[in-house]
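To start, the structure under review is shown below, and the notes come after it.
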Amino acid sequence: MSNIQKGMALLIGAFHKYSGKEGDKQTLSKGELKDLLTAELGDIFGKTQDQAALDKIFKDLDANADGVVDFKEYVTLIACITMLCNDAFKKK
């Protein structure tokens, strides 16, 4: 597999590692999203102890307002974070 294919497999694996613990296996609940952000992106997000900040992230991600974050919404988050990281690297 190419590096991009490996990256895609890792993104899919990370989503499914946390999805379905509290319901639908194809979505992330707010608690599952918090666990994912803390464990997988803790260096970027910190330990997500701020409930208001977590609520805002969840609301912003839940584009269709169904109360869960699906894979498409999750990938949007990852893409946005990746773009921000790229911008930070360009400034160095």
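Here, A, B, ... name the chains of the structure tokens in the order displayed, residue numbers run from 1 inside each chain, and ligands are numbered from 1 in the same displayed order.
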Skipping near chain neighbours, those fewer than 5 positions away, what residues fall within 12 Å of region 49-61 of chain A using only C-alpha atoms, listed as an mmCIF file with N, CA, C and O atoms, in the first residue's frame?
```cif
data_model
loop_
_atom_site.group_PDB
_atom_site.id
_atom_site.type_symbol
_atom_site.label_atom_id
_atom_site.label_comp_id
_atom_site.auth_asym_id
_atom_site.auth_seq_id
_atom_site.Cartn_x
_atom_site.Cartn_y
_atom_site.Cartn_z
ATOM 1 N N THR A 27 -21.583 5.605 13.496
ATOM 2 C CA THR A 27 -21.558 6.999 13.939
ATOM 3 C C THR A 27 -20.826 7.125 15.270
ATOM 4 O O THR A 27 -20.617 6.148 15.984
ATOM 5 N N LEU A 28 -20.456 8.354 15.580
ATOM 6 C CA LEU A 28 -19.850 8.676 16.867
ATOM 7 C C LEU A 28 -20.831 9.499 17.687
ATOM 8 O O LEU A 28 -21.354 10.508 17.214
ATOM 9 N N SER A 29 -21.068 9.070 18.917
ATOM 10 C CA SER A 29 -21.841 9.888 19.854
ATOM 11 C C SER A 29 -20.916 10.979 20.387
ATOM 12 O O SER A 29 -19.708 10.975 20.114
ATOM 13 N N LYS A 30 -21.459 11.883 21.162
ATOM 14 C CA LYS A 30 -20.632 12.941 21.749
ATOM 15 C C LYS A 30 -19.545 12.336 22.646
ATOM 16 O O LYS A 30 -18.388 12.757 22.602
ATOM 17 N N GLY A 31 -19.883 11.320 23.424
ATOM 18 C CA GLY A 31 -18.905 10.670 24.286
ATOM 19 C C GLY A 31 -17.820 9.948 23.503
ATOM 20 O O GLY A 31 -16.633 10.008 23.856
ATOM 21 N N GLU A 32 -18.224 9.280 22.437
ATOM 22 C CA GLU A 32 -17.250 8.592 21.584
ATOM 23 C C GLU A 32 -16.326 9.589 20.904
ATOM 24 O O GLU A 32 -15.117 9.351 20.792
ATOM 25 N N LEU A 33 -16.882 10.717 20.445
ATOM 26 C CA LEU A 33 -16.066 11.749 19.825
ATOM 27 C C LEU A 33 -15.055 12.298 20.828
ATOM 28 O O LEU A 33 -13.886 12.488 20.500
ATOM 29 N N LYS A 34 -15.496 12.530 22.060
ATOM 30 C CA LYS A 34 -14.583 13.022 23.090
ATOM 31 C C LYS A 34 -13.449 12.025 23.314
ATOM 32 O O LYS A 34 -12.278 12.415 23.387
ATOM 33 N N ASP A 35 -13.773 10.735 23.391
ATOM 34 C CA ASP A 35 -12.746 9.715 23.570
ATOM 35 C C ASP A 35 -11.759 9.718 22.410
ATOM 36 O O ASP A 35 -10.542 9.637 22.609
ATOM 37 N N LEU A 36 -12.274 9.827 21.183
ATOM 38 C CA LEU A 36 -11.420 9.856 19.996
ATOM 39 C C LEU A 36 -10.505 11.077 20.020
ATOM 40 O O LEU A 36 -9.295 10.958 19.808
ATOM 41 N N LEU A 37 -11.070 12.254 20.275
ATOM 42 C CA LEU A 37 -10.271 13.480 20.283
ATOM 43 C C LEU A 37 -9.187 13.433 21.348
ATOM 44 O O LEU A 37 -8.050 13.841 21.111
ATOM 45 N N THR A 38 -9.533 12.927 22.516
ATOM 46 C CA THR A 38 -8.579 12.865 23.622
ATOM 47 C C THR A 38 -7.455 11.872 23.322
ATOM 48 O O THR A 38 -6.277 12.186 23.492
ATOM 49 N N GLY A 42 -5.024 14.237 21.121
ATOM 50 C CA GLY A 42 -4.778 14.941 22.380
ATOM 51 C C GLY A 42 -3.697 15.994 22.284
ATOM 52 O O GLY A 42 -3.779 17.039 22.944
ATOM 53 N N ASP A 66 -28.269 15.463 13.287
ATOM 54 C CA ASP A 66 -28.961 14.240 13.710
ATOM 55 C C ASP A 66 -28.491 13.740 15.079
ATOM 56 O O ASP A 66 -28.902 12.671 15.531
ATOM 57 N N GLY A 67 -27.629 14.505 15.734
ATOM 58 C CA GLY A 67 -27.196 14.157 17.084
ATOM 59 C C GLY A 67 -26.025 13.206 17.168
ATOM 60 O O GLY A 67 -25.622 12.806 18.258
ATOM 61 N N VAL A 68 -25.459 12.838 16.029
ATOM 62 C CA VAL A 68 -24.278 11.972 15.978
ATOM 63 C C VAL A 68 -23.356 12.475 14.870
ATOM 64 O O VAL A 68 -23.773 13.239 14.006
ATOM 65 N N VAL A 69 -22.103 12.036 14.916
ATOM 66 C CA VAL A 69 -21.133 12.389 13.875
ATOM 67 C C VAL A 69 -20.901 11.149 13.030
ATOM 68 O O VAL A 69 -20.452 10.116 13.539
ATOM 69 N N ASP A 70 -21.240 11.254 11.738
ATOM 70 C CA ASP A 70 -21.023 10.118 10.844
ATOM 71 C C ASP A 70 -19.622 10.188 10.240
ATOM 72 O O ASP A 70 -18.855 11.116 10.515
ATOM 73 N N PHE A 71 -19.286 9.216 9.423
ATOM 74 C CA PHE A 71 -17.934 9.149 8.878
ATOM 75 C C PHE A 71 -17.594 10.377 8.035
ATOM 76 O O PHE A 71 -16.486 10.903 8.113
ATOM 77 N N LYS A 72 -18.539 10.831 7.233
ATOM 78 C CA LYS A 72 -18.303 12.011 6.384
ATOM 79 C C LYS A 72 -18.003 13.241 7.248
ATOM 80 O O LYS A 72 -17.091 14.014 6.948
ATOM 81 N N GLU A 73 -18.738 13.411 8.317
ATOM 82 C CA GLU A 73 -18.519 14.550 9.210
ATOM 83 C C GLU A 73 -17.165 14.427 9.919
ATOM 84 O O GLU A 73 -16.451 15.415 10.103
ATOM 85 N N TYR A 74 -16.801 13.217 10.297
ATOM 86 C CA TYR A 74 -15.497 12.949 10.917
ATOM 87 C C TYR A 74 -14.360 13.279 9.953
ATOM 88 O O TYR A 74 -13.379 13.922 10.324
ATOM 89 N N VAL A 75 -14.481 12.843 8.706
ATOM 90 C CA VAL A 75 -13.434 13.110 7.718
ATOM 91 C C VAL A 75 -13.294 14.616 7.478
ATOM 92 O O VAL A 75 -12.183 15.114 7.275
ATOM 93 N N THR A 76 -14.394 15.336 7.535
ATOM 94 C CA THR A 76 -14.340 16.793 7.400
ATOM 95 C C THR A 76 -13.483 17.390 8.512
ATOM 96 O O THR A 76 -12.650 18.274 8.258
ATOM 97 N N LEU A 77 -13.663 16.926 9.746
ATOM 98 C CA LEU A 77 -12.845 17.389 10.867
ATOM 99 C C LEU A 77 -11.374 17.107 10.607
ATOM 100 O O LEU A 77 -10.519 17.993 10.761
ATOM 101 N N ILE A 78 -11.054 15.886 10.206
ATOM 102 C CA ILE A 78 -9.666 15.500 9.969
ATOM 103 C C ILE A 78 -9.058 16.346 8.847
ATOM 104 O O ILE A 78 -7.916 16.802 8.947
ATOM 105 N N ALA A 79 -9.815 16.593 7.787
ATOM 106 C CA ALA A 79 -9.321 17.410 6.676
ATOM 107 C C ALA A 79 -9.041 18.838 7.139
ATOM 108 O O ALA A 79 -8.003 19.419 6.784
ATOM 109 N N CYS A 80 -9.926 19.409 7.934
ATOM 110 C CA CYS A 80 -9.726 20.778 8.429
ATOM 111 C C CYS A 80 -8.500 20.867 9.331
ATOM 112 O O CYS A 80 -7.708 21.807 9.211
#
```
From CA of Asp62 (chain A) to CA of Lys25 (chain A) the spacing works out at 16.2 Å
- All strand (DSSP E or B) residues (DSSP, backbone) inside chain A, as a PyMOL selection string: chain A and resi 27-28+69-70
If you keep N, CA, C and O atoms, can you produce a file of those selected residues as a CSV table (one decimal), in the first residue's frame?
```csv
chain,number,residue,atom,x,y,z
A,27,THR,N,-21.6,5.6,13.5
A,27,THR,CA,-21.6,7.0,13.9
A,27,THR,C,-20.8,7.1,15.3
A,27,THR,O,-20.6,6.1,16.0
A,28,LEU,N,-20.5,8.4,15.6
A,28,LEU,CA,-19.9,8.7,16.9
A,28,LEU,C,-20.8,9.5,17.7
A,28,LEU,O,-21.4,10.5,17.2
A,69,VAL,N,-22.1,12.0,14.9
A,69,VAL,CA,-21.1,12.4,13.9
A,69,VAL,C,-20.9,11.1,13.0
A,69,VAL,O,-20.5,10.1,13.5
A,70,ASP,N,-21.2,11.3,11.7
A,70,ASP,CA,-21.0,10.1,10.8
A,70,ASP,C,-19.6,10.2,10.2
A,70,ASP,O,-18.9,11.1,10.5
```
- Enumerate, as number ranges by chain, the complete set of residues in region 36-73 of chain A that a backbone-based DSSP assignment places in alpha helix (DSSP H). A: 36-45, 51-61, 71-73
Create the file for the chosen residues now, containing N, CA, C and O atoms and written as a compact mmCIF listing (two decimals), in the first residue's frame.
```txt
# COMPACT_ATOMS: atom_id res chain seq x y z
N LEU A 36 -12.27 9.83 21.18
CA LEU A 36 -11.42 9.86 20.00
C LEU A 36 -10.50 11.08 20.02
O LEU A 36 -9.30 10.96 19.81
N LEU A 37 -11.07 12.25 20.28
CA LEU A 37 -10.27 13.48 20.28
C LEU A 37 -9.19 13.43 21.35
O LEU A 37 -8.05 13.84 21.11
N THR A 38 -9.53 12.93 22.52
CA THR A 38 -8.58 12.86 23.62
C THR A 38 -7.45 11.87 23.32
O THR A 38 -6.28 12.19 23.49
N ALA A 39 -7.82 10.68 22.87
CA ALA A 39 -6.83 9.63 22.65
C ALA A 39 -6.01 9.82 21.38
O ALA A 39 -4.80 9.60 21.38
N GLU A 40 -6.67 10.21 20.30
CA GLU A 40 -6.00 10.25 19.00
C GLU A 40 -5.47 11.62 18.62
O GLU A 40 -4.53 11.71 17.82
N LEU A 41 -6.07 12.67 19.16
CA LEU A 41 -5.65 14.04 18.80
C LEU A 41 -5.37 14.89 20.03
O LEU A 41 -5.47 16.11 19.99
N GLY A 42 -5.02 14.24 21.12
CA GLY A 42 -4.78 14.94 22.38
C GLY A 42 -3.70 15.99 22.28
O GLY A 42 -3.78 17.04 22.94
N ASP A 43 -2.68 15.76 21.46
CA ASP A 43 -1.62 16.76 21.31
C ASP A 43 -2.12 18.04 20.66
O ASP A 43 -1.57 19.11 20.89
N ILE A 44 -3.17 17.93 19.87
CA ILE A 44 -3.74 19.09 19.19
C ILE A 44 -4.87 19.71 20.01
O ILE A 44 -4.92 20.92 20.20
N PHE A 45 -5.77 18.87 20.51
CA PHE A 45 -6.94 19.36 21.23
C PHE A 45 -6.76 19.46 22.73
O PHE A 45 -7.62 19.95 23.43
N GLN A 51 -16.26 21.26 28.52
CA GLN A 51 -17.49 20.70 27.97
C GLN A 51 -18.13 21.63 26.95
O GLN A 51 -18.65 21.18 25.93
N ALA A 52 -18.06 22.95 27.17
CA ALA A 52 -18.63 23.90 26.21
C ALA A 52 -17.90 23.83 24.88
O ALA A 52 -18.54 23.87 23.81
N ALA A 53 -16.59 23.69 24.92
CA ALA A 53 -15.81 23.58 23.69
C ALA A 53 -16.15 22.28 22.96
O ALA A 53 -16.32 22.27 21.74
N LEU A 54 -16.27 21.20 23.71
CA LEU A 54 -16.64 19.92 23.10
C LEU A 54 -18.03 20.00 22.48
O LEU A 54 -18.25 19.52 21.36
N ASP A 55 -18.97 20.63 23.18
CA ASP A 55 -20.33 20.78 22.64
C ASP A 55 -20.30 21.56 21.33
O ASP A 55 -21.01 21.21 20.38
N LYS A 56 -19.47 22.62 21.26
CA LYS A 56 -19.39 23.42 20.03
C LYS A 56 -18.78 22.61 18.90
O LYS A 56 -19.28 22.64 17.77
N ILE A 57 -17.70 21.88 19.18
CA ILE A 57 -17.08 21.03 18.15
C ILE A 57 -18.11 20.04 17.62
O ILE A 57 -18.27 19.86 16.41
N PHE A 58 -18.83 19.39 18.54
CA PHE A 58 -19.81 18.39 18.15
C PHE A 58 -20.92 19.02 17.30
O PHE A 58 -21.28 18.50 16.24
N LYS A 59 -21.43 20.16 17.74
CA LYS A 59 -22.50 20.84 17.00
C LYS A 59 -22.04 21.24 15.61
O LYS A 59 -22.75 21.07 14.62
N ASP A 60 -20.82 21.79 15.54
CA ASP A 60 -20.28 22.21 14.24
C ASP A 60 -20.04 21.02 13.31
O ASP A 60 -20.24 21.13 12.10
N LEU A 61 -19.62 19.91 13.87
CA LEU A 61 -19.37 18.72 13.06
C LEU A 61 -20.65 18.06 12.58
O LEU A 61 -20.71 17.52 11.47
N PHE A 71 -19.29 9.22 9.42
CA PHE A 71 -17.93 9.15 8.88
C PHE A 71 -17.59 10.38 8.04
O PHE A 71 -16.49 10.90 8.11
N LYS A 72 -18.54 10.83 7.23
CA LYS A 72 -18.30 12.01 6.38
C LYS A 72 -18.00 13.24 7.25
O LYS A 72 -17.09 14.01 6.95
N GLU A 73 -18.74 13.41 8.32
CA GLU A 73 -18.52 14.55 9.21
C GLU A 73 -17.16 14.43 9.92
O GLU A 73 -16.45 15.41 10.10
```
As a check of understanding: the span from CA of Ile4 (chain A) to CA of Thr82 (chain A) is 13.4 Å
What separates CA of Cys85 (chain A) and CA of Leu11 (chain A) is a distance of 16.4 Å
